[in-house]
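Read the structure below first, then the notes.
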Amino acid sequence: MSGPVAQALAHLRASASGSRAWTALPFFQEGHADEVAAKVDARIAEGAHVLPPPDLVFTSLSLTPLDRVKVVILGQDPYPTPGDSHGLAFSYRGSRRLPASLRTILAEMAEDLGVPMPKSGDLSKWARQGVLLVNTALTVEAGQSGAHMKFGWSALVDQAIAAVSERQPAVVFLLWGAPARKRAALVDRTKHLVIEAGHPSPLNRLNDFRGTHPFSRANAWLVGKGLEPVDWRLDA
């Protein structure tokens, strides 16, 4: 019997047409996805507490089909505290105070757009509007940040960015922090807008995220391309 992540992968492949453009990527077609899922399932079999729950691992792809992507935000790996992560980069469903990086992101959004600071940290509303919120690694282990960064997930992220760049007519790429900014080379800047900044983490000593106005800049550019802007408000 296949493990829970392999089952989630099978469900993604069998899901409605919105996910099929993603599962047509070489990562899925050439067996890489199965290899990574097997590694994660092996850790689960060994007793590791893998996050997010297996049925939520592919949330970023299922909520935001490739042909609807108009903004891309890259994260690193899921929150390592049970109950916090649900498959979207930076998004938070926990019951405690918002994680520091997300708090910085939402404070910048509120100041940038002149709206109240949201109480919710669930970014599903963004994802449903075409904001691809994808982590470099789709899984992690409880209490161990970065535990699955070398499992092979990064190939999926690289292929997803390249596919969005190639197939979509106009997308804003919000690349925050050095690992995300390295992927700017995958983006065709003649078609798309790349907005780079420092990471929103409070550990970023350069503090070069706040004041970059990524949300208003993204929306102004999208409107200029004849596209609907993103409603970034979470509590509305």
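Going through the structure tokens in order, the chains are called A, B, and so on, while each chain numbers its residues from 1 and the ligands are numbered from 1 in the order shown.
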
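Residues surrounding A:Leu227 within 12 Å are Arg68, Val69, Lys70, Val71, Gln129, Gly130, Pro169, Ala170, Val171, Val172, Ala218, Asn219, Ala220, Trp221, Leu222, Val223, Gly224, Lys225, Pro229 and Val230 of chain A [only C-alpha atoms; sequence separation below 2 positions excluded].
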
Pick out the residues sitting within 10 Å of stretch 149-166 of chain A, and hand them over as a tab-separated table (two decimals) with N, CA, C and O atoms, in the first residue's frame; count only C-alpha atoms, and ignore anything fewer than 2 positions along from it in its own chain.
chain	number	residue	atom	x	y	z
A	21	ALA	N	-2.16	20.91	-15.76
A	21	ALA	CA	-1.01	21.61	-16.33
A	21	ALA	C	0.20	21.46	-15.43
A	21	ALA	O	1.34	21.33	-15.91
A	22	TRP	N	-0.03	21.46	-14.12
A	22	TRP	CA	1.10	21.24	-13.20
A	22	TRP	C	1.61	19.81	-13.32
A	22	TRP	O	2.83	19.60	-13.39
A	25	LEU	N	4.21	18.70	-15.89
A	25	LEU	CA	5.62	19.08	-15.78
A	25	LEU	C	6.49	17.82	-15.69
A	25	LEU	O	6.05	16.78	-15.18
A	26	PRO	N	7.74	17.89	-16.17
A	26	PRO	CA	8.64	16.73	-16.09
A	26	PRO	C	8.78	16.17	-14.68
A	26	PRO	O	8.96	14.96	-14.51
A	27	PHE	N	8.69	17.02	-13.68
A	27	PHE	CA	8.79	16.57	-12.29
A	27	PHE	C	7.80	15.45	-12.01
A	27	PHE	O	8.11	14.48	-11.29
A	28	PHE	N	6.61	15.58	-12.56
A	28	PHE	CA	5.57	14.57	-12.36
A	28	PHE	C	5.64	13.46	-13.40
A	28	PHE	O	5.39	12.29	-13.09
A	32	HIS	N	10.08	11.94	-10.81
A	32	HIS	CA	10.71	12.66	-9.69
A	32	HIS	C	9.74	12.86	-8.53
A	32	HIS	O	10.11	12.74	-7.36
A	33	ALA	N	8.49	13.18	-8.86
A	33	ALA	CA	7.49	13.38	-7.81
A	33	ALA	C	7.30	12.10	-6.99
A	33	ALA	O	7.19	12.14	-5.77
A	35	GLU	N	9.50	9.76	-6.53
A	35	GLU	CA	10.70	9.55	-5.71
A	35	GLU	C	10.67	10.40	-4.46
A	35	GLU	O	10.99	9.92	-3.36
A	36	VAL	N	10.28	11.67	-4.61
A	36	VAL	CA	10.23	12.55	-3.44
A	36	VAL	C	9.14	12.10	-2.48
A	36	VAL	O	9.35	12.05	-1.26
A	37	ALA	N	7.98	11.75	-3.02
A	37	ALA	CA	6.89	11.27	-2.17
A	37	ALA	C	7.31	10.03	-1.39
A	37	ALA	O	6.97	9.87	-0.21
A	38	ALA	N	8.07	9.15	-2.04
A	38	ALA	CA	8.53	7.93	-1.36
A	38	ALA	C	9.48	8.27	-0.21
A	38	ALA	O	9.44	7.62	0.85
A	39	LYS	N	10.34	9.28	-0.42
A	39	LYS	CA	11.25	9.70	0.66
A	39	LYS	C	10.46	10.24	1.86
A	39	LYS	O	10.77	9.92	3.02
A	40	VAL	N	9.45	11.05	1.57
A	40	VAL	CA	8.66	11.62	2.66
A	40	VAL	C	7.86	10.54	3.36
A	40	VAL	O	7.81	10.48	4.60
A	61	LEU	N	-0.60	24.02	-5.52
A	61	LEU	CA	-0.89	23.68	-6.92
A	61	LEU	C	-2.38	23.49	-7.16
A	61	LEU	O	-2.90	23.87	-8.21
A	66	LEU	N	-2.13	26.57	-13.11
A	66	LEU	CA	-1.09	27.28	-13.85
A	66	LEU	C	-1.69	28.38	-14.72
A	66	LEU	O	-1.15	29.49	-14.80
A	67	ASP	N	-2.80	28.09	-15.37
A	67	ASP	CA	-3.36	29.07	-16.30
A	67	ASP	C	-4.06	30.23	-15.62
A	67	ASP	O	-4.57	31.14	-16.29
A	68	ARG	N	-4.06	30.24	-14.28
A	68	ARG	CA	-4.66	31.36	-13.54
A	68	ARG	C	-3.61	32.17	-12.78
A	68	ARG	O	-3.94	33.16	-12.13
A	69	VAL	N	-2.36	31.77	-12.85
A	69	VAL	CA	-1.32	32.44	-12.08
A	69	VAL	C	-1.08	33.85	-12.61
A	69	VAL	O	-0.87	34.05	-13.81
A	70	LYS	N	-1.13	34.84	-11.72
A	70	LYS	CA	-0.76	36.21	-12.10
A	70	LYS	C	0.23	36.84	-11.14
A	70	LYS	O	0.80	37.89	-11.43
A	71	VAL	N	0.46	36.18	-9.99
A	71	VAL	CA	1.49	36.60	-9.04
A	71	VAL	C	2.13	35.34	-8.48
A	71	VAL	O	1.44	34.34	-8.24
A	72	VAL	N	3.45	35.38	-8.29
A	72	VAL	CA	4.16	34.26	-7.67
A	72	VAL	C	4.89	34.78	-6.44
A	72	VAL	O	5.61	35.78	-6.51
A	74	LEU	N	7.39	33.11	-3.45
A	74	LEU	CA	8.14	31.92	-3.06
A	74	LEU	C	8.48	31.94	-1.58
A	74	LEU	O	8.92	32.96	-1.04
A	76	GLN	N	10.29	29.18	1.66
A	76	GLN	CA	11.37	28.20	1.78
A	76	GLN	C	10.83	26.81	2.11
A	76	GLN	O	10.89	25.91	1.30
A	77	ASP	N	10.31	26.63	3.31
A	77	ASP	CA	9.64	25.37	3.64
A	77	ASP	C	8.54	25.65	4.65
A	77	ASP	O	8.47	26.74	5.22
A	132	LEU	N	0.29	32.33	-6.70
A	132	LEU	CA	0.93	31.04	-6.44
A	132	LEU	C	1.87	31.19	-5.25
A	132	LEU	O	2.88	31.88	-5.31
A	134	VAL	N	4.13	29.15	-3.24
A	134	VAL	CA	4.77	27.83	-3.24
A	134	VAL	C	6.10	27.88	-2.51
A	134	VAL	O	6.89	28.82	-2.63
A	135	ASN	N	6.33	26.86	-1.69
A	135	ASN	CA	7.59	26.73	-0.97
A	135	ASN	C	8.62	25.95	-1.78
A	135	ASN	O	8.26	25.10	-2.61
A	136	THR	N	9.89	26.22	-1.52
A	136	THR	CA	10.97	25.48	-2.18
A	136	THR	C	10.93	24.01	-1.80
A	136	THR	O	11.28	23.15	-2.60
A	137	ALA	N	10.53	23.72	-0.58
A	137	ALA	CA	10.26	22.35	-0.15
A	137	ALA	C	8.82	22.29	0.32
A	137	ALA	O	8.39	23.15	1.09
A	138	LEU	N	8.09	21.30	-0.15
A	138	LEU	CA	6.67	21.23	0.19
A	138	LEU	C	6.40	20.55	1.52
A	138	LEU	O	5.26	20.56	1.99
A	139	THR	N	7.42	19.95	2.11
A	139	THR	CA	7.24	19.28	3.39
A	139	THR	C	8.38	19.62	4.35
A	139	THR	O	9.45	20.07	3.94
A	140	VAL	N	8.12	19.37	5.63
A	140	VAL	CA	9.11	19.60	6.68
A	140	VAL	C	8.78	18.62	7.80
A	140	VAL	O	7.79	17.88	7.72
A	145	SER	N	13.16	22.76	11.01
A	145	SER	CA	13.13	23.57	9.79
A	145	SER	C	14.18	23.07	8.80
A	145	SER	O	15.30	22.75	9.18
A	146	GLY	N	13.80	23.01	7.54
A	146	GLY	CA	14.74	22.62	6.50
A	146	GLY	C	14.99	21.14	6.38
A	146	GLY	O	15.84	20.72	5.58
A	147	ALA	N	14.26	20.33	7.11
A	147	ALA	CA	14.53	18.89	7.14
A	147	ALA	C	14.42	18.22	5.78
A	147	ALA	O	15.08	17.22	5.52
A	168	GLN	N	2.37	31.89	-19.29
A	168	GLN	CA	1.48	32.98	-18.92
A	168	GLN	C	1.93	34.29	-19.56
A	168	GLN	O	3.12	34.53	-19.71
A	169	PRO	N	0.98	35.15	-19.92
A	169	PRO	CA	1.33	36.37	-20.64
A	169	PRO	C	1.90	37.48	-19.76
A	169	PRO	O	2.71	38.29	-20.22
A	170	ALA	N	1.45	37.57	-18.51
A	170	ALA	CA	1.86	38.68	-17.66
A	170	ALA	C	1.72	38.30	-16.19
A	170	ALA	O	0.61	38.15	-15.69
A	171	VAL	N	2.85	38.13	-15.51
A	171	VAL	CA	2.87	37.68	-14.12
A	171	VAL	C	3.84	38.55	-13.32
A	171	VAL	O	4.90	38.93	-13.83
A	172	VAL	N	3.48	38.83	-12.08
A	172	VAL	CA	4.38	39.52	-11.16
A	172	VAL	C	5.06	38.48	-10.28
A	172	VAL	O	4.38	37.69	-9.62
A	173	PHE	N	6.37	38.47	-10.26
A	173	PHE	CA	7.14	37.58	-9.41
A	173	PHE	C	7.68	38.38	-8.23
A	173	PHE	O	8.51	39.29	-8.41
A	183	ARG	N	16.17	32.71	-8.33
A	183	ARG	CA	15.30	32.15	-9.37
A	183	ARG	C	14.80	33.21	-10.35
A	183	ARG	O	14.05	32.89	-11.26
A	184	ALA	N	15.22	34.45	-10.18
A	184	ALA	CA	14.86	35.48	-11.14
A	184	ALA	C	15.37	35.13	-12.53
A	184	ALA	O	14.79	35.54	-13.54
A	185	ALA	N	16.45	34.36	-12.60
A	185	ALA	CA	17.03	33.97	-13.90
A	185	ALA	C	16.09	33.09	-14.70
A	185	ALA	O	16.25	32.95	-15.91
A	186	LEU	N	15.09	32.49	-14.05
A	186	LEU	CA	14.14	31.63	-14.73
A	186	LEU	C	12.98	32.41	-15.36
A	186	LEU	O	12.14	31.83	-16.04
A	187	VAL	N	12.94	33.71	-15.11
A	187	VAL	CA	11.81	34.53	-15.52
A	187	VAL	C	12.17	35.37	-16.75
A	187	VAL	O	13.22	36.01	-16.79
A	188	ASP	N	11.27	35.38	-17.72
A	188	ASP	CA	11.41	36.21	-18.91
A	188	ASP	C	10.95	37.63	-18.57
A	188	ASP	O	9.76	37.92	-18.53
A	189	ARG	N	11.92	38.51	-18.37
A	189	ARG	CA	11.58	39.87	-17.94
A	189	ARG	C	10.99	40.72	-19.07
A	189	ARG	O	10.52	41.83	-18.82
A	191	LYS	N	8.37	39.84	-20.57
A	191	LYS	CA	6.93	39.60	-20.42
A	191	LYS	C	6.42	39.92	-19.02
A	191	LYS	O	5.27	40.33	-18.85
A	192	HIS	N	7.27	39.69	-18.04
A	192	HIS	CA	6.82	39.69	-16.65
A	192	HIS	C	7.53	40.75	-15.83
A	192	HIS	O	8.59	41.25	-16.21

_Residues near A:Pro54, anyone? I mean within 12 Å using only C-alpha atoms, not counting same-chain ones fewer than 6 positions away, as a list in words._
Gly3, Pro4, Val5, Ala6, Gln7, Ala8, Leu9, Ala10, His11, Leu12, Ala37, Val40, Asp41, Ile44, Ser85, His86, Gly87, Leu138, Thr139, Val140 and Glu141 of chain A

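Nearest-residue note for A:Pro52: choosing from A:Ala142, A:Ala110, A:Ile73, A:Leu102, the minimum distance belongs to A:Ala142, counting only C-alpha atoms.
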
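For stretch 38-154 of chain A, the set of residues given strand (DSSP E or B) by DSSP on the backbone reads Val50, Leu51, Val71, Val72, Ile73, Leu74, Gly75, Val131, Leu132, Leu133, Val134, Asn135, Val140, Glu141 and Gln144 of chain A.
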
Would you pick out the contacts of stretch 195-206 of chain A at 8 Å or less, using only C-alpha atoms, so that residues sharing its chain but fewer than 3 positions from it are not included, and give the list as a PDB file with N, CA, C and O atoms, in the first residue's frame?
ATOM      1  N   ALA A 100       6.629  35.619  12.605  1.00  0.00           N
ATOM      2  CA  ALA A 100       7.268  36.927  12.438  1.00  0.00           C
ATOM      3  C   ALA A 100       7.332  37.381  10.986  1.00  0.00           C
ATOM      4  O   ALA A 100       7.036  38.538  10.668  1.00  0.00           O
ATOM      5  N   SER A 101       7.728  36.487  10.073  1.00  0.00           N
ATOM      6  CA  SER A 101       7.847  36.885   8.670  1.00  0.00           C
ATOM      7  C   SER A 101       6.483  37.251   8.092  1.00  0.00           C
ATOM      8  O   SER A 101       6.344  38.253   7.368  1.00  0.00           O
ATOM      9  N   LEU A 102       5.465  36.464   8.407  1.00  0.00           N
ATOM     10  CA  LEU A 102       4.122  36.758   7.907  1.00  0.00           C
ATOM     11  C   LEU A 102       3.617  38.068   8.487  1.00  0.00           C
ATOM     12  O   LEU A 102       2.975  38.863   7.781  1.00  0.00           O
ATOM     13  N   THR A 104       5.399  40.623   9.270  1.00  0.00           N
ATOM     14  CA  THR A 104       6.075  41.685   8.519  1.00  0.00           C
ATOM     15  C   THR A 104       5.434  41.880   7.147  1.00  0.00           C
ATOM     16  O   THR A 104       5.230  43.015   6.694  1.00  0.00           O
ATOM     17  N   ILE A 105       5.116  40.769   6.465  1.00  0.00           N
ATOM     18  CA  ILE A 105       4.475  40.837   5.146  1.00  0.00           C
ATOM     19  C   ILE A 105       3.131  41.548   5.235  1.00  0.00           C
ATOM     20  O   ILE A 105       2.831  42.451   4.440  1.00  0.00           O
ATOM     21  N   VAL A 172       3.479  38.828 -12.083  1.00  0.00           N
ATOM     22  CA  VAL A 172       4.377  39.520 -11.160  1.00  0.00           C
ATOM     23  C   VAL A 172       5.055  38.478 -10.278  1.00  0.00           C
ATOM     24  O   VAL A 172       4.375  37.685  -9.617  1.00  0.00           O
ATOM     25  N   PHE A 173       6.373  38.472 -10.262  1.00  0.00           N
ATOM     26  CA  PHE A 173       7.143  37.578  -9.406  1.00  0.00           C
ATOM     27  C   PHE A 173       7.683  38.384  -8.233  1.00  0.00           C
ATOM     28  O   PHE A 173       8.506  39.286  -8.406  1.00  0.00           O
ATOM     29  N   LEU A 174       7.203  38.067  -7.025  1.00  0.00           N
ATOM     30  CA  LEU A 174       7.671  38.723  -5.809  1.00  0.00           C
ATOM     31  C   LEU A 174       8.717  37.815  -5.178  1.00  0.00           C
ATOM     32  O   LEU A 174       8.383  36.780  -4.591  1.00  0.00           O
ATOM     33  N   LEU A 175       9.968  38.168  -5.333  1.00  0.00           N
ATOM     34  CA  LEU A 175      11.081  37.321  -4.898  1.00  0.00           C
ATOM     35  C   LEU A 175      11.745  37.970  -3.687  1.00  0.00           C
ATOM     36  O   LEU A 175      12.430  38.984  -3.806  1.00  0.00           O
ATOM     37  N   TRP A 176      11.528  37.353  -2.532  1.00  0.00           N
ATOM     38  CA  TRP A 176      11.982  37.913  -1.265  1.00  0.00           C
ATOM     39  C   TRP A 176      13.056  37.028  -0.646  1.00  0.00           C
ATOM     40  O   TRP A 176      12.816  35.857  -0.352  1.00  0.00           O
ATOM     41  N   GLY A 177      14.231  37.579  -0.461  1.00  0.00           N
ATOM     42  CA  GLY A 177      15.329  36.829   0.134  1.00  0.00           C
ATOM     43  C   GLY A 177      16.206  36.186  -0.919  1.00  0.00           C
ATOM     44  O   GLY A 177      15.776  35.953  -2.064  1.00  0.00           O
ATOM     45  N   ALA A 178      17.457  35.886  -0.546  1.00  0.00           N
ATOM     46  CA  ALA A 178      18.452  35.399  -1.506  1.00  0.00           C
ATOM     47  C   ALA A 178      18.035  34.136  -2.259  1.00  0.00           C
ATOM     48  O   ALA A 178      18.189  34.069  -3.483  1.00  0.00           O
ATOM     49  N   ARG A 181      15.473  35.080  -4.845  1.00  0.00           N
ATOM     50  CA  ARG A 181      15.989  36.008  -5.858  1.00  0.00           C
ATOM     51  C   ARG A 181      16.879  35.295  -6.873  1.00  0.00           C
ATOM     52  O   ARG A 181      16.979  35.726  -8.029  1.00  0.00           O
ATOM     53  N   PHE A 209      13.140  44.823   3.292  1.00  0.00           N
ATOM     54  CA  PHE A 209      11.828  44.419   2.793  1.00  0.00           C
ATOM     55  C   PHE A 209      10.796  45.520   3.013  1.00  0.00           C
ATOM     56  O   PHE A 209      10.083  45.900   2.083  1.00  0.00           O
ATOM     57  N   ARG A 210      10.727  46.039   4.226  1.00  0.00           N
ATOM     58  CA  ARG A 210       9.743  47.055   4.551  1.00  0.00           C
ATOM     59  C   ARG A 210       9.940  48.295   3.681  1.00  0.00           C
ATOM     60  O   ARG A 210      11.055  48.730   3.415  1.00  0.00           O
ATOM     61  N   THR A 212       9.054  48.530   0.497  1.00  0.00           N
ATOM     62  CA  THR A 212       9.248  48.242  -0.932  1.00  0.00           C
ATOM     63  C   THR A 212       7.939  48.281  -1.723  1.00  0.00           C
ATOM     64  O   THR A 212       7.962  48.219  -2.948  1.00  0.00           O
ATOM     65  N   PRO A 214       5.445  46.198  -2.477  1.00  0.00           N
ATOM     66  CA  PRO A 214       5.258  45.188  -3.528  1.00  0.00           C
ATOM     67  C   PRO A 214       3.805  45.001  -3.942  1.00  0.00           C
ATOM     68  O   PRO A 214       3.516  44.680  -5.111  1.00  0.00           O
TER      69      PRO A 214
END

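Atom CA of A:Lys119 is positioned 7.0 Å from atom CA of A:Asp235.
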
*Tell me, which residues of stretch 30-107 of chain A carry DSSP helix (DSSP H, G or I), written as number ranges by chain?*
A: 32-45, 54-56, 59-63, 66-68, 100-107

Write the residues of the selection above to a file with N, CA and C atoms, as a JSON list (two decimals), in the first residue's frame.
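Ended up saving to part.json:
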[["chain", "number", "residue", "atom", "x", "y", "z"],
["A", 32, "HIS", "N", 10.08, 11.94, -10.81],
["A", 32, "HIS", "CA", 10.71, 12.66, -9.69],
["A", 32, "HIS", "C", 9.74, 12.86, -8.53],
["A", 33, "ALA", "N", 8.49, 13.18, -8.86],
["A", 33, "ALA", "CA", 7.49, 13.38, -7.81],
["A", 33, "ALA", "C", 7.30, 12.10, -6.99],
["A", 34, "ASP", "N", 7.28, 10.96, -7.67],
["A", 34, "ASP", "CA", 7.11, 9.69, -6.98],
["A", 34, "ASP", "C", 8.30, 9.40, -6.06],
["A", 35, "GLU", "N", 9.50, 9.76, -6.53],
["A", 35, "GLU", "CA", 10.70, 9.55, -5.71],
["A", 35, "GLU", "C", 10.67, 10.40, -4.46],
["A", 36, "VAL", "N", 10.28, 11.67, -4.61],
["A", 36, "VAL", "CA", 10.23, 12.55, -3.44],
["A", 36, "VAL", "C", 9.14, 12.10, -2.48],
["A", 37, "ALA", "N", 7.98, 11.75, -3.02],
["A", 37, "ALA", "CA", 6.89, 11.27, -2.17],
["A", 37, "ALA", "C", 7.31, 10.03, -1.39],
["A", 38, "ALA", "N", 8.07, 9.15, -2.04],
["A", 38, "ALA", "CA", 8.53, 7.93, -1.36],
["A", 38, "ALA", "C", 9.48, 8.27, -0.21],
["A", 39, "LYS", "N", 10.34, 9.28, -0.42],
["A", 39, "LYS", "CA", 11.25, 9.70, 0.66],
["A", 39, "LYS", "C", 10.46, 10.24, 1.86],
["A", 40, "VAL", "N", 9.45, 11.05, 1.57],
["A", 40, "VAL", "CA", 8.66, 11.62, 2.66],
["A", 40, "VAL", "C", 7.86, 10.54, 3.36],
["A", 41, "ASP", "N", 7.28, 9.64, 2.59],
["A", 41, "ASP", "CA", 6.52, 8.54, 3.19],
["A", 41, "ASP", "C", 7.40, 7.62, 4.02],
["A", 42, "ALA", "N", 8.66, 7.46, 3.60],
["A", 42, "ALA", "CA", 9.58, 6.65, 4.39],
["A", 42, "ALA", "C", 9.83, 7.29, 5.75],
["A", 43, "ARG", "N", 9.94, 8.61, 5.79],
["A", 43, "ARG", "CA", 10.12, 9.30, 7.08],
["A", 43, "ARG", "C", 8.87, 9.14, 7.94],
["A", 44, "ILE", "N", 7.70, 9.22, 7.31],
["A", 44, "ILE", "CA", 6.47, 9.02, 8.08],
["A", 44, "ILE", "C", 6.43, 7.61, 8.66],
["A", 45, "ALA", "N", 6.82, 6.63, 7.86],
["A", 45, "ALA", "CA", 6.84, 5.23, 8.33],
["A", 45, "ALA", "C", 7.82, 5.04, 9.48],
["A", 54, "PRO", "N", -0.43, 15.24, 5.02],
["A", 54, "PRO", "CA", -0.22, 14.79, 3.64],
["A", 54, "PRO", "C", -1.26, 15.27, 2.64],
["A", 55, "ASP", "N", -2.53, 15.35, 3.06],
["A", 55, "ASP", "CA", -3.57, 15.76, 2.11],
["A", 55, "ASP", "C", -3.49, 17.24, 1.75],
["A", 56, "LEU", "N", -2.61, 17.99, 2.44],
["A", 56, "LEU", "CA", -2.45, 19.42, 2.17],
["A", 56, "LEU", "C", -1.11, 19.75, 1.51],
["A", 59, "THR", "N", -1.40, 21.79, -1.77],
["A", 59, "THR", "CA", -2.42, 22.83, -1.77],
["A", 59, "THR", "C", -2.07, 23.97, -2.71],
["A", 60, "SER", "N", -0.81, 24.38, -2.77],
["A", 60, "SER", "CA", -0.44, 25.51, -3.62],
["A", 60, "SER", "C", -0.77, 25.26, -5.08],
["A", 61, "LEU", "N", -0.60, 24.02, -5.52],
["A", 61, "LEU", "CA", -0.89, 23.68, -6.92],
["A", 61, "LEU", "C", -2.38, 23.49, -7.16],
["A", 62, "SER", "N", -3.07, 22.91, -6.21],
["A", 62, "SER", "CA", -4.50, 22.63, -6.41],
["A", 62, "SER", "C", -5.34, 23.91, -6.32],
["A", 63, "LEU", "N", -4.95, 24.86, -5.47],
["A", 63, "LEU", "CA", -5.72, 26.09, -5.34],
["A", 63, "LEU", "C", -5.43, 27.10, -6.45],
["A", 66, "LEU", "N", -2.13, 26.57, -13.11],
["A", 66, "LEU", "CA", -1.09, 27.28, -13.85],
["A", 66, "LEU", "C", -1.69, 28.38, -14.72],
["A", 67, "ASP", "N", -2.80, 28.09, -15.37],
["A", 67, "ASP", "CA", -3.36, 29.07, -16.30],
["A", 67, "ASP", "C", -4.06, 30.23, -15.62],
["A", 68, "ARG", "N", -4.06, 30.24, -14.28],
["A", 68, "ARG", "CA", -4.66, 31.36, -13.54],
["A", 68, "ARG", "C", -3.61, 32.17, -12.78],
["A", 100, "ALA", "N", 6.63, 35.62, 12.61],
["A", 100, "ALA", "CA", 7.27, 36.93, 12.44],
["A", 100, "ALA", "C", 7.33, 37.38, 10.99],
["A", 101, "SER", "N", 7.73, 36.49, 10.07],
["A", 101, "SER", "CA", 7.85, 36.89, 8.67],
["A", 101, "SER", "C", 6.48, 37.25, 8.09],
["A", 102, "LEU", "N", 5.47, 36.46, 8.41],
["A", 102, "LEU", "CA", 4.12, 36.76, 7.91],
["A", 102, "LEU", "C", 3.62, 38.07, 8.49],
["A", 103, "ARG", "N", 3.91, 38.31, 9.75],
["A", 103, "ARG", "CA", 3.50, 39.57, 10.37],
["A", 103, "ARG", "C", 4.13, 40.77, 9.64],
["A", 104, "THR", "N", 5.40, 40.62, 9.27],
["A", 104, "THR", "CA", 6.08, 41.68, 8.52],
["A", 104, "THR", "C", 5.43, 41.88, 7.15],
["A", 105, "ILE", "N", 5.12, 40.77, 6.47],
["A", 105, "ILE", "CA", 4.47, 40.84, 5.15],
["A", 105, "ILE", "C", 3.13, 41.55, 5.24],
["A", 106, "LEU", "N", 2.32, 41.17, 6.21],
["A", 106, "LEU", "CA", 0.98, 41.74, 6.31],
["A", 106, "LEU", "C", 1.02, 43.18, 6.79],
["A", 107, "ALA", "N", 2.01, 43.52, 7.62],
["A", 107, "ALA", "CA", 2.16, 44.92, 8.03],
["A", 107, "ALA", "C", 2.54, 45.79, 6.84]]

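One finds atom CA of A:Gly18 at 22.7 Å from atom CA of A:Gly226.
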